[in-house]
Structures are given as structure tokens and as C-alpha cells.
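Next up, input-v1.txt (compact mmCIF, C-alpha atoms):
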```
# COMPACT_ATOMS: atom_id res chain seq x y z
CA MET A 335 80.13 155.95 100.91
CA ALA A 336 82.59 153.86 102.91
CA THR A 337 86.13 153.45 101.63
CA SER A 338 88.74 150.83 102.41
CA GLY A 339 91.31 153.30 103.70
CA THR A 340 94.13 151.29 102.13
CA THR A 341 96.41 152.00 99.17
CA VAL A 342 98.68 148.96 99.20
CA PHE A 343 97.12 146.82 96.44
CA THR A 344 99.79 145.58 94.03
CA MET A 345 99.99 142.89 91.38
CA THR A 346 102.96 141.04 89.98
CA ARG A 347 103.39 140.08 86.34
CA ASP A 348 102.08 136.60 87.07
CA ASP A 349 99.09 138.02 89.00
CA ILE A 350 98.16 140.14 85.96
CA ILE A 351 98.50 137.15 83.63
CA GLY A 352 96.50 134.88 85.93
CA ALA A 353 93.72 137.46 86.32
CA ALA A 354 93.54 137.95 82.53
CA LEU A 355 93.41 134.22 81.80
CA ARG A 356 90.77 133.64 84.46
CA GLY A 357 88.78 136.67 83.27
CA LEU A 358 88.79 135.19 79.77
CA HIS A 359 87.69 131.83 81.26
CA VAL A 360 90.76 130.09 79.87
CA TYR A 361 91.44 128.75 83.38
CA GLY A 362 89.23 128.36 86.42
CA PRO A 363 89.81 130.11 89.74
CA THR A 364 91.68 127.15 91.27
CA ASP A 365 93.54 125.93 88.16
CA THR A 366 97.33 126.01 88.08
CA ILE A 367 98.47 127.83 84.95
CA PRO A 368 101.25 125.94 83.11
CA SER A 369 104.60 127.74 82.99
CA ALA A 370 104.64 127.65 79.16
CA ASP A 371 101.38 129.65 79.11
CA ILE A 372 102.82 132.13 81.63
CA THR A 373 105.89 132.55 79.37
CA TYR A 374 103.78 133.19 76.25
CA CYS A 375 101.50 135.57 78.10
CA ALA A 376 104.47 137.47 79.57
CA GLN A 377 105.78 138.03 76.05
CA ALA A 378 102.32 139.22 74.96
CA LEU A 379 102.08 141.56 77.98
CA ASN A 380 105.39 143.20 77.06
CA ILE A 381 104.31 143.54 73.42
CA VAL A 382 101.03 145.16 74.44
CA CYS A 383 102.77 147.62 76.80
CA LYS A 384 105.34 148.61 74.15
CA SER A 385 102.62 148.98 71.54
CA LEU A 386 100.49 151.19 73.80
CA ALA A 387 103.50 153.39 74.56
CA THR A 388 104.26 153.89 70.84
CA LYS A 389 100.63 154.95 70.32
CA GLY A 390 100.93 157.69 72.94
CA ALA A 391 99.49 155.91 75.97
CA LEU A 392 100.90 157.34 79.16
CA ILE A 393 102.76 154.26 80.34
CA TRP A 394 105.54 155.62 82.52
CA THR A 395 106.55 155.93 86.13
CA ILE A 396 108.16 158.63 88.23
CA SER A 397 111.56 157.85 89.70
CA GLU A 398 114.43 159.70 91.29
CA VAL A 399 117.93 159.45 89.84
CA LEU A 400 120.90 160.51 91.96
CA VAL A 401 123.93 161.92 90.18
CA PRO A 402 126.97 162.55 92.40
CA THR A 403 128.86 165.60 91.13
CA VAL A 404 132.48 165.37 90.04
CA ALA A 405 134.66 168.46 90.42
CA GLY A 406 135.33 170.03 87.02
CA ASN A 407 132.79 167.83 85.19
CA ALA A 408 129.64 169.43 83.76
CA THR A 409 128.19 166.57 81.67
CA TYR A 410 126.91 163.20 82.87
CA GLN A 411 125.48 160.28 80.93
CA ILE A 412 122.42 158.56 82.42
CA GLY A 413 121.18 155.31 80.94
CA PRO A 414 121.60 151.56 80.65
CA THR A 415 125.02 151.78 78.93
CA ALA A 416 126.21 155.10 80.38
CA THR A 417 129.96 155.63 80.40
CA GLY A 418 132.37 158.39 81.21
CA THR A 419 133.12 160.50 84.24
CA GLY A 420 130.22 160.49 86.69
CA ALA A 421 128.06 158.22 84.49
CA VAL A 422 124.96 156.74 86.14
CA VAL A 423 123.90 153.32 84.90
CA THR A 424 120.11 153.15 85.24
CA ASN A 425 117.04 153.38 83.06
CA ARG A 426 117.20 156.42 80.78
CA PRO A 427 114.84 159.17 81.91
CA MET A 428 112.37 160.19 79.21
CA ARG A 429 112.01 163.60 80.79
CA ILE A 430 113.25 165.45 83.88
CA ASN A 431 110.29 166.91 85.79
CA ASN A 432 112.32 168.78 88.38
CA ALA A 433 115.80 168.79 89.81
CA TYR A 434 117.70 170.00 92.82
CA ILE A 435 121.23 169.74 94.15
CA ARG A 436 122.00 168.67 97.73
CA ASP A 437 125.27 169.76 99.29
CA SER A 438 127.30 167.84 101.87
CA TYR A 439 125.40 169.57 104.71
CA GLY A 440 122.02 168.36 103.42
CA ASN A 441 120.97 171.74 102.00
CA ASP A 442 118.93 171.62 98.81
CA GLN A 443 118.88 174.17 96.01
CA GLU A 444 116.53 173.93 93.05
CA LEU A 445 118.14 173.55 89.64
CA GLN A 446 116.43 175.47 86.86
CA ILE A 447 115.83 173.11 83.93
CA THR A 448 116.56 174.96 80.71
CA SER A 449 115.90 174.17 77.07
CA ARG A 450 118.77 173.60 74.66
CA TYR A 451 118.26 177.12 73.31
CA GLU A 452 118.35 178.66 76.81
CA TYR A 453 121.47 176.67 77.71
CA ASP A 454 123.18 177.75 74.48
CA GLN A 455 122.50 181.40 75.42
CA LEU A 456 124.30 181.11 78.77
CA GLY A 457 127.74 182.71 78.92
CA GLN A 458 131.05 181.14 80.01
CA LYS A 459 130.13 177.44 80.08
CA THR A 460 133.32 176.62 81.99
CA SER A 461 132.55 178.82 85.04
CA SER A 462 133.23 176.86 88.21
CA GLY A 463 130.86 177.04 91.17
CA GLN A 464 127.63 175.64 92.59
CA PRO A 465 125.42 174.51 89.68
CA ASN A 466 122.09 176.35 89.50
CA GLN A 467 120.84 175.32 86.03
CA MET A 468 120.82 172.18 83.93
CA PHE A 469 119.94 171.04 80.44
CA TYR A 470 118.74 167.48 79.72
CA ASP A 471 119.18 165.84 76.32
CA PRO A 472 117.29 162.50 76.40
CA GLN A 473 119.12 160.96 73.39
CA LEU A 474 118.16 157.41 72.33
CA THR A 475 120.10 155.10 74.62
CA ASN A 476 121.66 157.31 77.29
CA GLY A 477 120.47 160.75 78.29
CA ILE A 478 122.94 163.54 79.03
CA ILE A 479 122.60 166.20 81.69
CA THR A 480 124.76 169.28 81.49
CA LEU A 481 125.18 171.44 84.58
CA TYR A 482 125.75 175.17 84.69
CA ASN A 483 127.98 176.15 86.58
CA VAL A 484 130.61 173.40 86.45
CA PRO A 485 130.76 171.78 89.93
CA ALA A 486 133.68 173.14 91.94
CA ASP A 487 133.78 170.07 94.20
CA SER A 488 132.63 166.47 94.44
CA LEU A 489 130.58 166.96 97.61
CA SER A 490 127.09 167.44 96.15
CA THR A 491 124.48 165.19 94.58
CA VAL A 492 122.04 166.16 91.85
CA HIS A 493 118.55 164.72 92.42
CA LEU A 494 116.53 164.28 89.23
CA VAL A 495 112.81 163.56 89.53
CA SER A 496 112.09 162.01 86.18
CA LYS A 497 109.63 160.16 84.00
CA ARG A 498 110.90 156.85 82.72
CA GLN A 499 109.42 153.99 80.77
CA VAL A 500 107.86 151.18 82.72
CA GLN A 501 110.38 148.37 82.85
CA ASP A 502 109.78 145.14 80.97
CA PHE A 503 107.95 142.34 82.79
CA ASN A 504 110.80 139.81 82.80
CA LEU A 505 110.43 138.21 86.22
CA SER A 506 107.36 136.64 87.78
CA THR A 507 107.60 139.22 90.60
CA ASP A 508 107.77 142.29 88.30
```
Reformat the file's structure so that it appears as C-alpha cells.
Amino acid sequence: MATSGTTVFTMTRDDIIGAALRGLHVYGPTDTIPSADITYCAQALNIVCKSLATKGALIWTISEVLVPTVAGNATYQIGPTATGTGAVVTNRPMRINNAYIRDSYGNDQELQITSRYEYDQLGQKTSSGQPNQMFYDPQLTNGIITLYNVPADSLSTVHLVSKRQVQDFNLSTD
């Protein structure tokens, strides 16, 4: 069986809406869809996506979050309203799949992701050095990562490969 050999097919929010309306025969293939209908359908698309997610549908994407370390700081907020030392303002990760730390020379070291219980069992939480473990608490608005050991310098970056919710379809190009 012949295959196309391509993997670049993408659709914007408006492409999805147009395909749905044409598939339902609300509009013909050459009709221009009024902007009011696009607006109502965009709202419906967001409602459907949120509803599917609350019912357990796997509607998420994988993304990488970069967290520059700050000497002497073990905890970092990650989310849309993150504040504090080293905070990263971005979409809150639902879950961290894997993590590593990259030093200033470009060397990577895997970070062991521990549970809350495992992190609580670690000794001397204020030990300074190269972090080799981390705990992630997703919280509601902003997640919190806690590194163990506490970074001794500000020369490294933590790379978090994470699951996050699909963003809302606000723009026609989303």
C-alpha cells in the first residue's frame, strides 16, 4: 500500500470549524462562513474540548519547560500566574514525564522524579550541590517543583518534559 510520506498536515481553529460546518452541510464547499458563526462555533469547540477532558479523554500535549536554576533556591513555581524566585510563567504542567538538568558546558544529567513520600524521606533538604532529584506538585493554578540538592549556582537549566492541557482555541490560527 502506497503512503504519502508526509507528516505535515495541520489545521487551525477556523479550519476545524469550517470542516465541521461543511461536513454537516450547513455551508457549501465555496461558501464564506460569517464571522458570527465562527465565533459561536469557536466557543462550542472550547466547551467540547473542556468537557471531553473532564470525562477523562486524553486531550493533552507534550511540551518542554525550561527552568533556569537560582543559587540557593530549591523551589520554583510554574504556571500562568507563577511568582517568586525563579518562577516560570507558562501553562501549568499536568504531569512531568521526565526531567534533566543541563550545566553551563551543555552536559545533561537525568533528574530522578520522586513522589511526595520519597521526597519527604530524603535527608538534609538544604544540602547545596548539583540537583539529582525533584518532586513535582501540580497544584491547581501553578505547579511547584522542588529540587534536591539545592542548586549551588545559577549556571544550570532544568528541562522538564511535561504533559499539559491543550490551550484554548482563542485565535483563528490556533
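Residue nearest Ser369 in chain A, chosen from A:Gly352, A:Asp508, A:Lys384, A:Ala408 and counting only C-alpha atoms: A:Gly352.
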What's the 6 Å shell around range 467-469 of chain A, counting only C-alpha atoms, without same-chain residues fewer than 4 positions away, as a short mmCIF file (atom, residue, chain, number, x, y, z; two decimals) with C-alpha atoms, in the frame of the given file?
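This went into around_12.cif:
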```cif
data_model
loop_
_atom_site.label_atom_id
_atom_site.label_comp_id
_atom_site.auth_asym_id
_atom_site.auth_seq_id
_atom_site.Cartn_x
_atom_site.Cartn_y
_atom_site.Cartn_z
CA LEU A 445 118.14 173.55 89.64
CA GLN A 446 116.43 175.47 86.86
CA ILE A 447 115.83 173.11 83.93
CA THR A 448 116.56 174.96 80.71
CA ILE A 479 122.60 166.20 81.69
CA THR A 480 124.76 169.28 81.49
CA LEU A 481 125.18 171.44 84.58
CA TYR A 482 125.75 175.17 84.69
#
```
Near range 484-506 of chain A, 6 Å: range 380-449 of chain A residue rows, closest pairs, all atoms listed in the file, as a Markdown table:
```
| residue | atom | partner | partner_atom | distance |
| --- | --- | --- | --- | --- |
| A:Trp394 | CA | A:Gln499 | CA | 4.6 |
| A:Thr395 | CA | A:Arg498 | CA | 5.6 |
| A:Ile396 | CA | A:Lys497 | CA | 4.7 |
| A:Ser397 | CA | A:Ser496 | CA | 5.5 |
| A:Glu398 | CA | A:Val495 | CA | 4.5 |
| A:Val399 | CA | A:Leu494 | CA | 5.1 |
| A:Leu400 | CA | A:His493 | CA | 4.8 |
| A:Val401 | CA | A:Val492 | CA | 4.9 |
| A:Pro402 | CA | A:Thr491 | CA | 4.2 |
| A:Thr403 | CA | A:Ser488 | CA | 5.1 |
| A:Val404 | CA | A:Ser488 | CA | 4.5 |
| A:Ala405 | CA | A:Asp487 | CA | 4.2 |
| A:Gly406 | CA | A:Pro485 | CA | 5.7 |
| A:Ala408 | CA | A:Val484 | CA | 4.9 |
| A:Pro427 | CA | A:Arg498 | CA | 4.6 |
| A:Met428 | CA | A:Arg498 | CA | 5.1 |
| A:Arg429 | CA | A:Lys497 | CA | 5.3 |
| A:Ile430 | CA | A:Ser496 | CA | 4.3 |
| A:Asn431 | CA | A:Ser496 | CA | 5.2 |
| A:Asn432 | CA | A:Val495 | CA | 5.4 |
| A:Ala433 | CA | A:Leu494 | CA | 4.6 |
| A:Tyr434 | CA | A:His493 | CA | 5.4 |
| A:Ile435 | CA | A:Val492 | CA | 4.3 |
| A:Arg436 | CA | A:Thr491 | CA | 5.3 |
| A:Asp437 | CA | A:Ser490 | CA | 4.3 |
| A:Ser438 | CA | A:Leu489 | CA | 5.4 |
```
request  = For CA of Asp471 in chain A and CA of Asp454 in chain A, determine how far apart the two atoms are, in Å to one decimal place.
outcome  =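 Atom-to-atom, CA of Asp471 in chain A and CA of Asp454 in chain A are spaced 12.7 Å apart.
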inquiry  = Report, in Å with one decimal, the straight-line distance from CA of Thr415 in chain A to CA of Pro472 in chain A.
reply    =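 Spanning CA of Thr415 in chain A to CA of Pro472 in chain A is a straight-line distance of 13.5 Å.
Counting all atoms listed in the file and comparing A:Gln473, A:Thr364, A:Asn441, A:Gln377, the residue that lies closest to Ala416 in chain A is A:Gln473.
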Pairwise distance for CA of Tyr451 in chain A and CA of Tyr470 in chain A, rounded to one decimal in Å = 11.6 Å
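Closest to Ile372 in chain A among A:Ile351, A:Asn407, A:Thr417, A:Gln455 is A:Ile351, based on all atoms listed in the file.
Closest approach to Asp442 in chain A among A:Thr424, A:Asn466, A:Thr344, A:Thr409 is made by A:Asn466 (distances from all atoms listed in the file).
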Nearest candidate to Gln443 in chain A (options A:Asn483, A:Met345, A:Asp365, A:Pro465; using all atoms listed in the file) = A:Pro465
